[in-house]
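Listing of structure_0.pdb; format and content: PDB, C-alpha atoms and all ligand atoms.
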ATOM      1  CA  MET A   1     109.287 148.936 125.627  1.00  0.00           C
ATOM      2  CA  ASN A   2     106.886 151.276 127.488  1.00  0.00           C
ATOM      3  CA  ALA A   3     106.599 155.065 127.184  1.00  0.00           C
ATOM      4  CA  PHE A   4     108.619 155.679 130.363  1.00  0.00           C
ATOM      5  CA  GLN A   5     111.536 153.571 129.083  1.00  0.00           C
ATOM      6  CA  LEU A   6     111.394 155.288 125.679  1.00  0.00           C
ATOM      7  CA  ASN A   7     111.494 158.741 127.320  1.00  0.00           C
ATOM      8  CA  TYR A   8     114.391 157.596 129.486  1.00  0.00           C
ATOM      9  CA  LEU A   9     116.432 156.403 126.467  1.00  0.00           C
ATOM     10  CA  HIS A  10     115.559 159.599 124.629  1.00  0.00           C
ATOM     11  CA  ALA A  11     116.804 161.711 127.582  1.00  0.00           C
ATOM     12  CA  MET A  12     120.051 159.679 127.511  1.00  0.00           C
ATOM     13  CA  GLY A  13     120.441 160.436 123.789  1.00  0.00           C
ATOM     14  CA  ILE A  14     120.047 156.755 122.882  1.00  0.00           C
ATOM     15  CA  GLN A  15     118.166 155.727 119.766  1.00  0.00           C
ATOM     16  CA  PRO A  16     116.130 152.636 120.744  1.00  0.00           C
ATOM     17  CA  TRP A  17     116.655 149.556 118.590  1.00  0.00           C
ATOM     18  CA  GLN A  18     113.676 148.633 116.454  1.00  0.00           C
ATOM     19  CA  SER A  19     113.229 145.383 114.591  1.00  0.00           C
ATOM     20  CA  LYS A  20     112.833 146.012 110.879  1.00  0.00           C
ATOM     21  CA  GLN A  21     109.836 144.394 109.170  1.00  0.00           C
ATOM     22  CA  PRO A  22     110.949 142.731 105.923  1.00  0.00           C
ATOM     23  CA  ALA A  23     109.646 144.507 102.812  1.00  0.00           C
ATOM     24  CA  PRO A  24     106.485 142.734 101.652  1.00  0.00           C
ATOM     25  CA  SER A  25     107.462 140.125  99.079  1.00  0.00           C
ATOM     26  CA  ILE A  26     105.635 139.954  95.774  1.00  0.00           C
ATOM     27  CA  ILE A  27     105.558 136.154  96.138  1.00  0.00           C
ATOM     28  CA  ASP A  28     103.990 135.968  99.636  1.00  0.00           C
ATOM     29  CA  THR A  29     101.169 138.460  99.396  1.00  0.00           C
ATOM     30  CA  PRO A  30      97.815 137.528  97.858  1.00  0.00           C
ATOM     31  CA  LEU A  31      97.197 137.615  94.143  1.00  0.00           C
ATOM     32  CA  GLN A  32      95.239 140.870  94.076  1.00  0.00           C
ATOM     33  CA  GLU A  33      97.929 142.731  96.025  1.00  0.00           C
ATOM     34  CA  ASN A  34     100.620 141.374  93.722  1.00  0.00           C
ATOM     35  CA  LEU A  35      98.690 142.479  90.667  1.00  0.00           C
ATOM     36  CA  THR A  36      98.124 145.904  92.211  1.00  0.00           C
ATOM     37  CA  ALA A  37     101.864 146.243  92.913  1.00  0.00           C
ATOM     38  CA  LEU A  38     102.695 145.127  89.384  1.00  0.00           C
ATOM     39  CA  ARG A  39     100.148 147.576  87.943  1.00  0.00           C
ATOM     40  CA  ALA A  40     101.811 150.387  89.914  1.00  0.00           C
ATOM     41  CA  ALA A  41     105.253 149.344  88.626  1.00  0.00           C
ATOM     42  CA  VAL A  42     103.909 149.417  85.055  1.00  0.00           C
ATOM     43  CA  ALA A  43     102.392 152.878  85.644  1.00  0.00           C
ATOM     44  CA  ARG A  44     105.808 154.188  86.790  1.00  0.00           C
ATOM     45  CA  CYS A  45     107.740 152.611  83.905  1.00  0.00           C
ATOM     46  CA  THR A  46     109.942 154.846  81.768  1.00  0.00           C
ATOM     47  CA  ALA A  47     112.121 152.079  80.309  1.00  0.00           C
ATOM     48  CA  CYS A  48     111.412 152.953  76.676  1.00  0.00           C
ATOM     49  CA  THR A  49     110.448 156.108  74.805  1.00  0.00           C
ATOM     50  CA  LEU A  50     106.762 155.140  74.614  1.00  0.00           C
ATOM     51  CA  HIS A  51     106.288 156.614  78.086  1.00  0.00           C
ATOM     52  CA  LYS A  52     106.752 160.068  76.565  1.00  0.00           C
ATOM     53  CA  THR A  53     103.767 159.788  74.232  1.00  0.00           C
ATOM     54  CA  ARG A  54     101.345 157.686  76.287  1.00  0.00           C
ATOM     55  CA  THR A  55      98.277 159.135  78.003  1.00  0.00           C
ATOM     56  CA  GLN A  56      98.513 156.303  80.522  1.00  0.00           C
ATOM     57  CA  THR A  57      99.681 152.718  80.741  1.00  0.00           C
ATOM     58  CA  VAL A  58      97.280 149.885  79.910  1.00  0.00           C
ATOM     59  CA  PHE A  59      97.906 147.080  82.374  1.00  0.00           C
ATOM     60  CA  GLY A  60      95.218 144.444  81.857  1.00  0.00           C
ATOM     61  CA  THR A  61      91.635 143.709  82.757  1.00  0.00           C
ATOM     62  CA  GLY A  62      89.285 140.926  83.724  1.00  0.00           C
ATOM     63  CA  ASN A  63      89.211 138.087  86.197  1.00  0.00           C
ATOM     64  CA  PRO A  64      92.637 137.546  87.831  1.00  0.00           C
ATOM     65  CA  GLN A  65      91.655 133.920  88.458  1.00  0.00           C
ATOM     66  CA  ALA A  66      90.589 133.308  84.875  1.00  0.00           C
ATOM     67  CA  ASP A  67      91.273 129.983  83.157  1.00  0.00           C
ATOM     68  CA  LEU A  68      91.711 131.801  79.840  1.00  0.00           C
ATOM     69  CA  MET A  69      94.141 134.687  79.339  1.00  0.00           C
ATOM     70  CA  LEU A  70      94.123 136.613  76.059  1.00  0.00           C
ATOM     71  CA  ILE A  71      97.197 138.459  74.902  1.00  0.00           C
ATOM     72  CA  GLY A  72      97.043 141.192  72.294  1.00  0.00           C
ATOM     73  CA  GLU A  73      99.700 143.414  70.818  1.00  0.00           C
ATOM     74  CA  ALA A  74      99.614 146.940  72.239  1.00  0.00           C
ATOM     75  CA  PRO A  75      97.097 149.605  73.249  1.00  0.00           C
ATOM     76  CA  GLY A  76      95.578 151.671  70.443  1.00  0.00           C
ATOM     77  CA  PHE A  77      94.018 155.141  70.516  1.00  0.00           C
ATOM     78  CA  TYR A  78      90.974 154.273  72.661  1.00  0.00           C
ATOM     79  CA  GLU A  79      92.882 151.955  75.012  1.00  0.00           C
ATOM     80  CA  ASP A  80      95.459 154.690  75.656  1.00  0.00           C
ATOM     81  CA  LYS A  81      92.612 157.094  76.532  1.00  0.00           C
ATOM     82  CA  LYS A  82      90.694 154.645  78.728  1.00  0.00           C
ATOM     83  CA  GLY A  83      93.555 152.654  80.280  1.00  0.00           C
ATOM     84  CA  GLU A  84      91.919 149.330  79.398  1.00  0.00           C
ATOM     85  CA  PRO A  85      92.816 146.819  76.662  1.00  0.00           C
ATOM     86  CA  PHE A  86      90.548 146.172  73.668  1.00  0.00           C
ATOM     87  CA  VAL A  87      87.915 148.860  74.120  1.00  0.00           C
ATOM     88  CA  GLY A  88      87.849 150.158  70.510  1.00  0.00           C
ATOM     89  CA  ARG A  89      86.342 148.513  67.403  1.00  0.00           C
ATOM     90  CA  ALA A  90      88.712 145.555  67.633  1.00  0.00           C
ATOM     91  CA  GLY A  91      87.602 145.165  71.238  1.00  0.00           C
ATOM     92  CA  GLN A  92      83.941 145.039  70.225  1.00  0.00           C
ATOM     93  CA  LEU A  93      84.719 142.266  67.771  1.00  0.00           C
ATOM     94  CA  LEU A  94      86.760 140.482  70.444  1.00  0.00           C
ATOM     95  CA  ASN A  95      83.768 140.634  72.813  1.00  0.00           C
ATOM     96  CA  ALA A  96      81.576 139.105  70.105  1.00  0.00           C
ATOM     97  CA  MET A  97      84.185 136.396  69.437  1.00  0.00           C
ATOM     98  CA  LEU A  98      84.225 135.510  73.128  1.00  0.00           C
ATOM     99  CA  GLN A  99      80.432 135.451  73.248  1.00  0.00           C
ATOM    100  CA  ALA A 100      80.453 133.042  70.315  1.00  0.00           C
ATOM    101  CA  ILE A 101      82.056 130.464  72.607  1.00  0.00           C
ATOM    102  CA  GLY A 102      79.887 131.399  75.569  1.00  0.00           C
ATOM    103  CA  LEU A 103      82.410 133.623  77.373  1.00  0.00           C
ATOM    104  CA  ASP A 104      82.108 137.156  78.659  1.00  0.00           C
ATOM    105  CA  ARG A 105      85.161 139.460  78.672  1.00  0.00           C
ATOM    106  CA  HIS A 106      84.853 139.866  82.450  1.00  0.00           C
ATOM    107  CA  THR A 107      85.343 136.142  83.008  1.00  0.00           C
ATOM    108  CA  VAL A 108      88.676 136.009  81.143  1.00  0.00           C
ATOM    109  CA  TYR A 109      91.831 138.069  81.642  1.00  0.00           C
ATOM    110  CA  ILE A 110      93.027 140.363  78.828  1.00  0.00           C
ATOM    111  CA  ALA A 111      96.487 141.905  78.531  1.00  0.00           C
ATOM    112  CA  ASN A 112      98.883 143.073  75.841  1.00  0.00           C
ATOM    113  CA  ILE A 113     102.536 142.528  74.959  1.00  0.00           C
ATOM    114  CA  LEU A 114     103.169 146.289  75.299  1.00  0.00           C
ATOM    115  CA  LYS A 115     101.626 148.367  78.064  1.00  0.00           C
ATOM    116  CA  CYS A 116     101.987 151.695  76.212  1.00  0.00           C
ATOM    117  CA  ARG A 117     100.583 152.795  72.864  1.00  0.00           C
ATOM    118  CA  PRO A 118     103.069 152.981  69.993  1.00  0.00           C
ATOM    119  CA  PRO A 119     102.572 156.291  68.116  1.00  0.00           C
ATOM    120  CA  ASN A 120     100.205 155.989  65.141  1.00  0.00           C
ATOM    121  CA  ASN A 121      99.579 152.350  66.113  1.00  0.00           C
ATOM    122  CA  ARG A 122     102.810 151.223  64.453  1.00  0.00           C
ATOM    123  CA  ASP A 123     104.139 147.722  65.180  1.00  0.00           C
ATOM    124  CA  PRO A 124     106.068 147.407  68.447  1.00  0.00           C
ATOM    125  CA  LEU A 125     109.844 147.691  68.007  1.00  0.00           C
ATOM    126  CA  PRO A 126     111.957 144.710  69.165  1.00  0.00           C
ATOM    127  CA  GLU A 127     113.565 146.821  71.922  1.00  0.00           C
ATOM    128  CA  GLU A 128     110.120 147.911  73.183  1.00  0.00           C
ATOM    129  CA  VAL A 129     109.023 144.275  73.341  1.00  0.00           C
ATOM    130  CA  SER A 130     112.154 143.223  75.223  1.00  0.00           C
ATOM    131  CA  GLN A 131     111.874 146.140  77.695  1.00  0.00           C
ATOM    132  CA  CYS A 132     108.188 145.523  78.392  1.00  0.00           C
ATOM    133  CA  THR A 133     107.616 141.779  78.418  1.00  0.00           C
ATOM    134  CA  GLY A 134     108.979 141.238  81.941  1.00  0.00           C
ATOM    135  CA  PHE A 135     105.636 142.692  83.062  1.00  0.00           C
ATOM    136  CA  LEU A 136     103.646 140.260  80.952  1.00  0.00           C
ATOM    137  CA  THR A 137     105.731 137.307  82.181  1.00  0.00           C
ATOM    138  CA  LYS A 138     104.924 138.309  85.753  1.00  0.00           C
ATOM    139  CA  GLN A 139     101.221 138.758  84.918  1.00  0.00           C
ATOM    140  CA  ILE A 140     101.072 135.242  83.459  1.00  0.00           C
ATOM    141  CA  GLU A 141     102.930 133.854  86.506  1.00  0.00           C
ATOM    142  CA  LEU A 142     100.423 135.484  88.855  1.00  0.00           C
ATOM    143  CA  ILE A 143      97.255 134.631  86.938  1.00  0.00           C
ATOM    144  CA  GLN A 144      98.362 131.080  86.088  1.00  0.00           C
ATOM    145  CA  PRO A 145      95.827 130.617  83.296  1.00  0.00           C
ATOM    146  CA  LYS A 146      94.985 127.132  82.048  1.00  0.00           C
ATOM    147  CA  LEU A 147      95.144 128.390  78.479  1.00  0.00           C
ATOM    148  CA  LEU A 148      96.727 131.352  76.697  1.00  0.00           C
ATOM    149  CA  LEU A 149      95.166 132.767  73.537  1.00  0.00           C
ATOM    150  CA  ALA A 150      97.586 134.903  71.526  1.00  0.00           C
ATOM    151  CA  LEU A 151      95.802 137.444  69.337  1.00  0.00           C
ATOM    152  CA  GLY A 152      97.737 138.081  66.158  1.00  0.00           C
ATOM    153  CA  ARG A 153     101.191 137.702  64.707  1.00  0.00           C
ATOM    154  CA  ILE A 154     103.093 139.908  67.153  1.00  0.00           C
ATOM    155  CA  ALA A 155     101.747 138.111  70.262  1.00  0.00           C
ATOM    156  CA  GLY A 156     102.259 134.699  68.616  1.00  0.00           C
ATOM    157  CA  HIS A 157     105.834 135.522  67.619  1.00  0.00           C
ATOM    158  CA  TYR A 158     106.755 136.714  71.081  1.00  0.00           C
ATOM    159  CA  LEU A 159     105.069 133.930  73.072  1.00  0.00           C
ATOM    160  CA  LEU A 160     106.309 131.127  70.805  1.00  0.00           C
ATOM    161  CA  ASP A 161     109.686 132.732  70.134  1.00  0.00           C
ATOM    162  CA  THR A 162     109.297 132.190  66.414  1.00  0.00           C
ATOM    163  CA  GLN A 163     108.967 134.230  63.224  1.00  0.00           C
ATOM    164  CA  THR A 164     106.618 131.853  61.376  1.00  0.00           C
ATOM    165  CA  SER A 165     103.455 133.065  59.670  1.00  0.00           C
ATOM    166  CA  LEU A 166     100.166 133.296  61.488  1.00  0.00           C
ATOM    167  CA  SER A 167      98.662 130.592  59.290  1.00  0.00           C
ATOM    168  CA  GLN A 168     101.442 128.247  60.492  1.00  0.00           C
ATOM    169  CA  MET A 169     100.877 129.137  64.145  1.00  0.00           C
ATOM    170  CA  ARG A 170      97.073 129.009  64.281  1.00  0.00           C
ATOM    171  CA  GLY A 171      94.824 125.954  64.488  1.00  0.00           C
ATOM    172  CA  LYS A 172      96.862 123.908  66.959  1.00  0.00           C
ATOM    173  CA  LEU A 173      97.948 123.730  70.557  1.00  0.00           C
ATOM    174  CA  HIS A 174     101.389 124.967  71.506  1.00  0.00           C
ATOM    175  CA  SER A 175     102.865 125.370  74.938  1.00  0.00           C
ATOM    176  CA  TYR A 176     104.361 128.420  76.618  1.00  0.00           C
ATOM    177  CA  GLY A 177     107.105 128.785  79.203  1.00  0.00           C
ATOM    178  CA  SER A 178     108.527 126.541  81.893  1.00  0.00           C
ATOM    179  CA  GLN A 179     105.024 125.615  83.113  1.00  0.00           C
ATOM    180  CA  ALA A 180     104.164 124.445  79.566  1.00  0.00           C
ATOM    181  CA  THR A 181     100.948 126.459  79.635  1.00  0.00           C
ATOM    182  CA  PRO A 182      98.823 125.431  76.626  1.00  0.00           C
ATOM    183  CA  LEU A 183      98.710 128.198  74.036  1.00  0.00           C
ATOM    184  CA  ILE A 184      96.619 128.812  70.930  1.00  0.00           C
ATOM    185  CA  VAL A 185      97.303 131.529  68.370  1.00  0.00           C
ATOM    186  CA  THR A 186      94.529 133.130  66.344  1.00  0.00           C
ATOM    187  CA  TYR A 187      93.937 136.174  64.180  1.00  0.00           C
ATOM    188  CA  HIS A 188      93.990 139.611  65.737  1.00  0.00           C
ATOM    189  CA  PRO A 189      90.470 141.124  65.773  1.00  0.00           C
ATOM    190  CA  ALA A 190      91.774 144.272  63.997  1.00  0.00           C
ATOM    191  CA  TYR A 191      92.996 142.017  61.164  1.00  0.00           C
ATOM    192  CA  LEU A 192      89.571 140.330  61.065  1.00  0.00           C
ATOM    193  CA  LEU A 193      87.877 143.726  60.702  1.00  0.00           C
ATOM    194  CA  ARG A 194      89.930 144.202  57.526  1.00  0.00           C
ATOM    195  CA  ASN A 195      89.698 140.567  56.403  1.00  0.00           C
ATOM    196  CA  PRO A 196      86.262 139.296  57.477  1.00  0.00           C
ATOM    197  CA  ARG A 197      86.632 136.151  55.346  1.00  0.00           C
ATOM    198  CA  ASP A 198      89.081 134.793  57.936  1.00  0.00           C
ATOM    199  CA  LYS A 199      86.501 135.091  60.737  1.00  0.00           C
ATOM    200  CA  ASN A 200      85.537 131.494  60.110  1.00  0.00           C
ATOM    201  CA  LYS A 201      89.087 130.283  60.823  1.00  0.00           C
ATOM    202  CA  ALA A 202      89.203 132.455  63.951  1.00  0.00           C
ATOM    203  CA  PHE A 203      85.956 130.858  65.085  1.00  0.00           C
ATOM    204  CA  GLN A 204      87.548 127.421  64.617  1.00  0.00           C
ATOM    205  CA  ASP A 205      90.480 128.540  66.781  1.00  0.00           C
ATOM    206  CA  LEU A 206      88.070 129.727  69.456  1.00  0.00           C
ATOM    207  CA  GLN A 207      86.232 126.425  69.367  1.00  0.00           C
ATOM    208  CA  LEU A 208      89.568 124.682  69.843  1.00  0.00           C
ATOM    209  CA  ALA A 209      90.214 126.991  72.806  1.00  0.00           C
ATOM    210  CA  HIS A 210      86.805 126.189  74.234  1.00  0.00           C
ATOM    211  CA  ARG A 211      87.346 122.443  73.865  1.00  0.00           C
ATOM    212  CA  SER A 212      90.859 122.716  75.288  1.00  0.00           C
ATOM    213  CA  LEU A 213      89.618 124.437  78.411  1.00  0.00           C
ATOM    214  CA  ASN A 214      87.288 121.528  79.087  1.00  0.00           C
ATOM    215  CA  LEU A 215      89.425 118.620  77.910  1.00  0.00           C
ATOM    216  CA  THR A 216      92.736 117.097  78.792  1.00  0.00           C
ATOM    217  CA  ILE A 217      95.052 118.914  76.465  1.00  0.00           C
ATOM    218  CA  THR A 218      97.461 117.136  74.147  1.00  0.00           C
ATOM    219  CA  PRO A 219     100.119 119.447  72.677  1.00  0.00           C
ATOM    220  CA  SER A 220     100.222 119.576  68.874  1.00  0.00           C
ATOM    221  CA  THR A 221      96.541 118.662  68.437  1.00  0.00           C
ATOM    222  CA  ARG A 222      95.682 119.890  64.930  1.00  0.00           C
ATOM    223  CA  LEU A 223      92.305 121.363  64.242  1.00  0.00           C
ATOM    224  CA  GLU A 224      92.240 120.793  60.490  1.00  0.00           C
TER
HETATM  225  N1  LIG B 301      94.874 145.946  69.790  1.00  0.00           N
HETATM  226  C1  LIG B 301      95.606 145.268  70.704  1.00  0.00           C
HETATM  227  O1  LIG B 301      96.438 144.433  70.349  1.00  0.00           O
HETATM  228  N2  LIG B 301      95.411 145.524  71.989  1.00  0.00           N
HETATM  229  C2  LIG B 301      94.512 146.401  72.422  1.00  0.00           C
HETATM  230  O2  LIG B 301      94.385 146.567  73.627  1.00  0.00           O
HETATM  231  C3  LIG B 301      93.750 147.086  71.456  1.00  0.00           C
HETATM  232  C4  LIG B 301      93.941 146.849  70.157  1.00  0.00           C
END
Whole structure given in structure tokens:
Amino acid sequence: MNAFQLNYLHAMGIQPWQSKQPAPSIIDTPLQENLTALRAAVARCTACTLHKTRTQTVFGTGNPQADLMLIGEAPGFYEDKKGEPFVGRAGQLLNAMLQAIGLDRHTVYIANILKCRPPNNRDPLPEEVSQCTGFLTKQIELIQPKLLLALGRIAGHYLLDTQTSLSQMRGKLHSYGSQATPLIVTYHPAYLLRNPRDKNKAFQDLQLAHRSLNLTITPSTRLE
């Protein structure tokens, strides 16, 4: 419709019909746009009380096309200040752990179960986990990693839907979700800072992760 026709309809008091563009779908748009939209949804979230005490949400960081996705528990003091996962002391150890298997933190993707810091770094409450994990599910769906590495008991329990001990979960390949994404559980770096004797076992888990990324993966492969 040209300007003359529009003016004519306007003078007649007629509202011209306009075709409505469908709202952009989170499925159809490219990966980066989907992650940006998801990040914005996380930043707006007020589903649980943690939004009242957070400085900011901590979405995730790294390469959105990474083969390896690491999943921690929840932001701590420094992560809440910076808006990025694993930037405190535990993060420095995590970087060193990744380097030990020849990986840089920018080549993997890192996220947490919770996107907001629990006060005083307490464990996440079950209702906080259930309110928040829709975001993580979507992140995993978008990134489609070849391997998930759960850091610590809380991440292992959630991703494997179990309550077993970390020593039972670590050292073998599990699978996660309907895509049966291979999953390995290892110690949380904050635990390793307190219990350095278990660093050796964590290194074995990382070597398993490294091998699994390069090999055809057979679920239930035991390391020991
Ligand atoms: N611990 C976690 O589980 N995640 C972080 O981002 C920092 C510390």
Give one line per residue of chain A that approaches ligand LIG 301 (chain B) to at most 12 Å, naming the two atoms of the closest pair and their distance in Å to one decimal, counting only C-alpha atoms and all ligand atoms; sort by chain then ascending residue number and deliver it as JSON lines.
{"residue": "A:Thr57", "atom": "CA", "partner": "B:LIG301", "partner_atom": "O2", "distance": 10.8}
{"residue": "A:Val58", "atom": "CA", "partner": "B:LIG301", "partner_atom": "O2", "distance": 7.7}
{"residue": "A:Phe59", "atom": "CA", "partner": "B:LIG301", "partner_atom": "O2", "distance": 9.4}
{"residue": "A:Gly60", "atom": "CA", "partner": "B:LIG301", "partner_atom": "O2", "distance": 8.5}
{"residue": "A:Thr61", "atom": "CA", "partner": "B:LIG301", "partner_atom": "O2", "distance": 10.0}
{"residue": "A:Leu70", "atom": "CA", "partner": "B:LIG301", "partner_atom": "N2", "distance": 9.9}
{"residue": "A:Ile71", "atom": "CA", "partner": "B:LIG301", "partner_atom": "O1", "distance": 7.5}
{"residue": "A:Gly72", "atom": "CA", "partner": "B:LIG301", "partner_atom": "O1", "distance": 3.8}
{"residue": "A:Glu73", "atom": "CA", "partner": "B:LIG301", "partner_atom": "O1", "distance": 3.4}
{"residue": "A:Ala74", "atom": "CA", "partner": "B:LIG301", "partner_atom": "N2", "distance": 4.4}
{"residue": "A:Pro75", "atom": "CA", "partner": "B:LIG301", "partner_atom": "O2", "distance": 4.1}
{"residue": "A:Gly76", "atom": "CA", "partner": "B:LIG301", "partner_atom": "C3", "distance": 5.0}
{"residue": "A:Phe77", "atom": "CA", "partner": "B:LIG301", "partner_atom": "C3", "distance": 8.1}
{"residue": "A:Tyr78", "atom": "CA", "partner": "B:LIG301", "partner_atom": "C3", "distance": 7.8}
{"residue": "A:Glu79", "atom": "CA", "partner": "B:LIG301", "partner_atom": "O2", "distance": 5.8}
{"residue": "A:Asp80", "atom": "CA", "partner": "B:LIG301", "partner_atom": "O2", "distance": 8.4}
{"residue": "A:Lys81", "atom": "CA", "partner": "B:LIG301", "partner_atom": "O2", "distance": 11.1}
{"residue": "A:Lys82", "atom": "CA", "partner": "B:LIG301", "partner_atom": "O2", "distance": 10.2}
{"residue": "A:Gly83", "atom": "CA", "partner": "B:LIG301", "partner_atom": "O2", "distance": 9.1}
{"residue": "A:Glu84", "atom": "CA", "partner": "B:LIG301", "partner_atom": "O2", "distance": 6.9}
{"residue": "A:Pro85", "atom": "CA", "partner": "B:LIG301", "partner_atom": "O2", "distance": 3.4}
{"residue": "A:Phe86", "atom": "CA", "partner": "B:LIG301", "partner_atom": "O2", "distance": 3.9}
{"residue": "A:Val87", "atom": "CA", "partner": "B:LIG301", "partner_atom": "C3", "distance": 6.7}
{"residue": "A:Gly88", "atom": "CA", "partner": "B:LIG301", "partner_atom": "C3", "distance": 6.7}
{"residue": "A:Arg89", "atom": "CA", "partner": "B:LIG301", "partner_atom": "C4", "distance": 8.3}
{"residue": "A:Ala90", "atom": "CA", "partner": "B:LIG301", "partner_atom": "C4", "distance": 5.9}
{"residue": "A:Gly91", "atom": "CA", "partner": "B:LIG301", "partner_atom": "C3", "distance": 6.4}
{"residue": "A:Gln92", "atom": "CA", "partner": "B:LIG301", "partner_atom": "C3", "distance": 10.1}
{"residue": "A:Leu93", "atom": "CA", "partner": "B:LIG301", "partner_atom": "C4", "distance": 10.6}
{"residue": "A:Leu94", "atom": "CA", "partner": "B:LIG301", "partner_atom": "C4", "distance": 9.6}
{"residue": "A:Asn95", "atom": "CA", "partner": "B:LIG301", "partner_atom": "C3", "distance": 12.0}
{"residue": "A:Tyr109", "atom": "CA", "partner": "B:LIG301", "partner_atom": "O2", "distance": 12.0}
{"residue": "A:Ile110", "atom": "CA", "partner": "B:LIG301", "partner_atom": "O2", "distance": 8.2}
{"residue": "A:Ala111", "atom": "CA", "partner": "B:LIG301", "partner_atom": "O2", "distance": 7.1}
{"residue": "A:Asn112", "atom": "CA", "partner": "B:LIG301", "partner_atom": "N2", "distance": 5.7}
{"residue": "A:Ile113", "atom": "CA", "partner": "B:LIG301", "partner_atom": "O1", "distance": 7.9}
{"residue": "A:Leu114", "atom": "CA", "partner": "B:LIG301", "partner_atom": "N2", "distance": 8.5}
{"residue": "A:Lys115", "atom": "CA", "partner": "B:LIG301", "partner_atom": "O2", "distance": 8.7}
{"residue": "A:Cys116", "atom": "CA", "partner": "B:LIG301", "partner_atom": "O2", "distance": 9.5}
{"residue": "A:Arg117", "atom": "CA", "partner": "B:LIG301", "partner_atom": "O2", "distance": 8.8}
{"residue": "A:Pro118", "atom": "CA", "partner": "B:LIG301", "partner_atom": "C1", "distance": 10.8}
{"residue": "A:Asn121", "atom": "CA", "partner": "B:LIG301", "partner_atom": "N1", "distance": 8.8}
{"residue": "A:Arg122", "atom": "CA", "partner": "B:LIG301", "partner_atom": "N1", "distance": 10.9}
{"residue": "A:Asp123", "atom": "CA", "partner": "B:LIG301", "partner_atom": "O1", "distance": 9.8}
{"residue": "A:Pro124", "atom": "CA", "partner": "B:LIG301", "partner_atom": "O1", "distance": 10.3}
{"residue": "A:Ala150", "atom": "CA", "partner": "B:LIG301", "partner_atom": "O1", "distance": 9.7}
{"residue": "A:Leu151", "atom": "CA", "partner": "B:LIG301", "partner_atom": "O1", "distance": 7.1}
{"residue": "A:Gly152", "atom": "CA", "partner": "B:LIG301", "partner_atom": "O1", "distance": 7.7}
{"residue": "A:Arg153", "atom": "CA", "partner": "B:LIG301", "partner_atom": "O1", "distance": 10.0}
{"residue": "A:Ile154", "atom": "CA", "partner": "B:LIG301", "partner_atom": "O1", "distance": 8.7}
{"residue": "A:Ala155", "atom": "CA", "partner": "B:LIG301", "partner_atom": "O1", "distance": 8.3}
{"residue": "A:Gly156", "atom": "CA", "partner": "B:LIG301", "partner_atom": "O1", "distance": 11.5}
{"residue": "A:Tyr187", "atom": "CA", "partner": "B:LIG301", "partner_atom": "O1", "distance": 10.6}
{"residue": "A:His188", "atom": "CA", "partner": "B:LIG301", "partner_atom": "O1", "distance": 7.1}
{"residue": "A:Pro189", "atom": "CA", "partner": "B:LIG301", "partner_atom": "N1", "distance": 7.7}
{"residue": "A:Ala190", "atom": "CA", "partner": "B:LIG301", "partner_atom": "N1", "distance": 6.8}
{"residue": "A:Tyr191", "atom": "CA", "partner": "B:LIG301", "partner_atom": "N1", "distance": 9.7}
{"residue": "A:Leu192", "atom": "CA", "partner": "B:LIG301", "partner_atom": "N1", "distance": 11.7}
{"residue": "A:Leu193", "atom": "CA", "partner": "B:LIG301", "partner_atom": "C4", "distance": 11.7}
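Compared by their closest atoms to Leu183 of chain A, and using only C-alpha atoms, the residues A:Gly134, A:Thr164, A:Leu68, A:Pro119 rank with A:Leu68 nearest.
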Looking at A:Gln139, A:Ser167, A:Ser178, A:Asn214, which one is nearest to Ala202 of chain A, with distances taken over all atoms listed in the file?
A:Ser167
Could you list, as a ChimeraX atom specification, every residue within 10 Å of Leu98 of chain A, counting only C-alpha atoms and ignoring same-chain residues fewer than 3 positions away?
/A:92-95,101-105,107-108,203,206,210
Which residue gives the smallest distance to Gly62 of chain A among A:Val129, A:Leu173, A:Leu35, A:Val185, with only C-alpha atoms counted?
A:Leu35
So what does the PyMOL selection byres (((chain A and resi 127) around 12) and not hetatm) actually pick up in this one, as number ranges by chain?
A: 47-50, 114, 123-126, 128-133
Dump as a PDB file, in the coordinates of the input, selection limited to C-alpha atoms:
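To be explicit, this is the file written out as again.pdb:
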ATOM      1  CA  ALA A  47     112.121 152.079  80.309  1.00  0.00           C
ATOM      2  CA  CYS A  48     111.412 152.953  76.676  1.00  0.00           C
ATOM      3  CA  THR A  49     110.448 156.108  74.805  1.00  0.00           C
ATOM      4  CA  LEU A  50     106.762 155.140  74.614  1.00  0.00           C
ATOM      5  CA  LEU A 114     103.169 146.289  75.299  1.00  0.00           C
ATOM      6  CA  ASP A 123     104.139 147.722  65.180  1.00  0.00           C
ATOM      7  CA  PRO A 124     106.068 147.407  68.447  1.00  0.00           C
ATOM      8  CA  LEU A 125     109.844 147.691  68.007  1.00  0.00           C
ATOM      9  CA  PRO A 126     111.957 144.710  69.165  1.00  0.00           C
ATOM     10  CA  GLU A 128     110.120 147.911  73.183  1.00  0.00           C
ATOM     11  CA  VAL A 129     109.023 144.275  73.341  1.00  0.00           C
ATOM     12  CA  SER A 130     112.154 143.223  75.223  1.00  0.00           C
ATOM     13  CA  GLN A 131     111.874 146.140  77.695  1.00  0.00           C
ATOM     14  CA  CYS A 132     108.188 145.523  78.392  1.00  0.00           C
ATOM     15  CA  THR A 133     107.616 141.779  78.418  1.00  0.00           C
TER      16      THR A 133
END
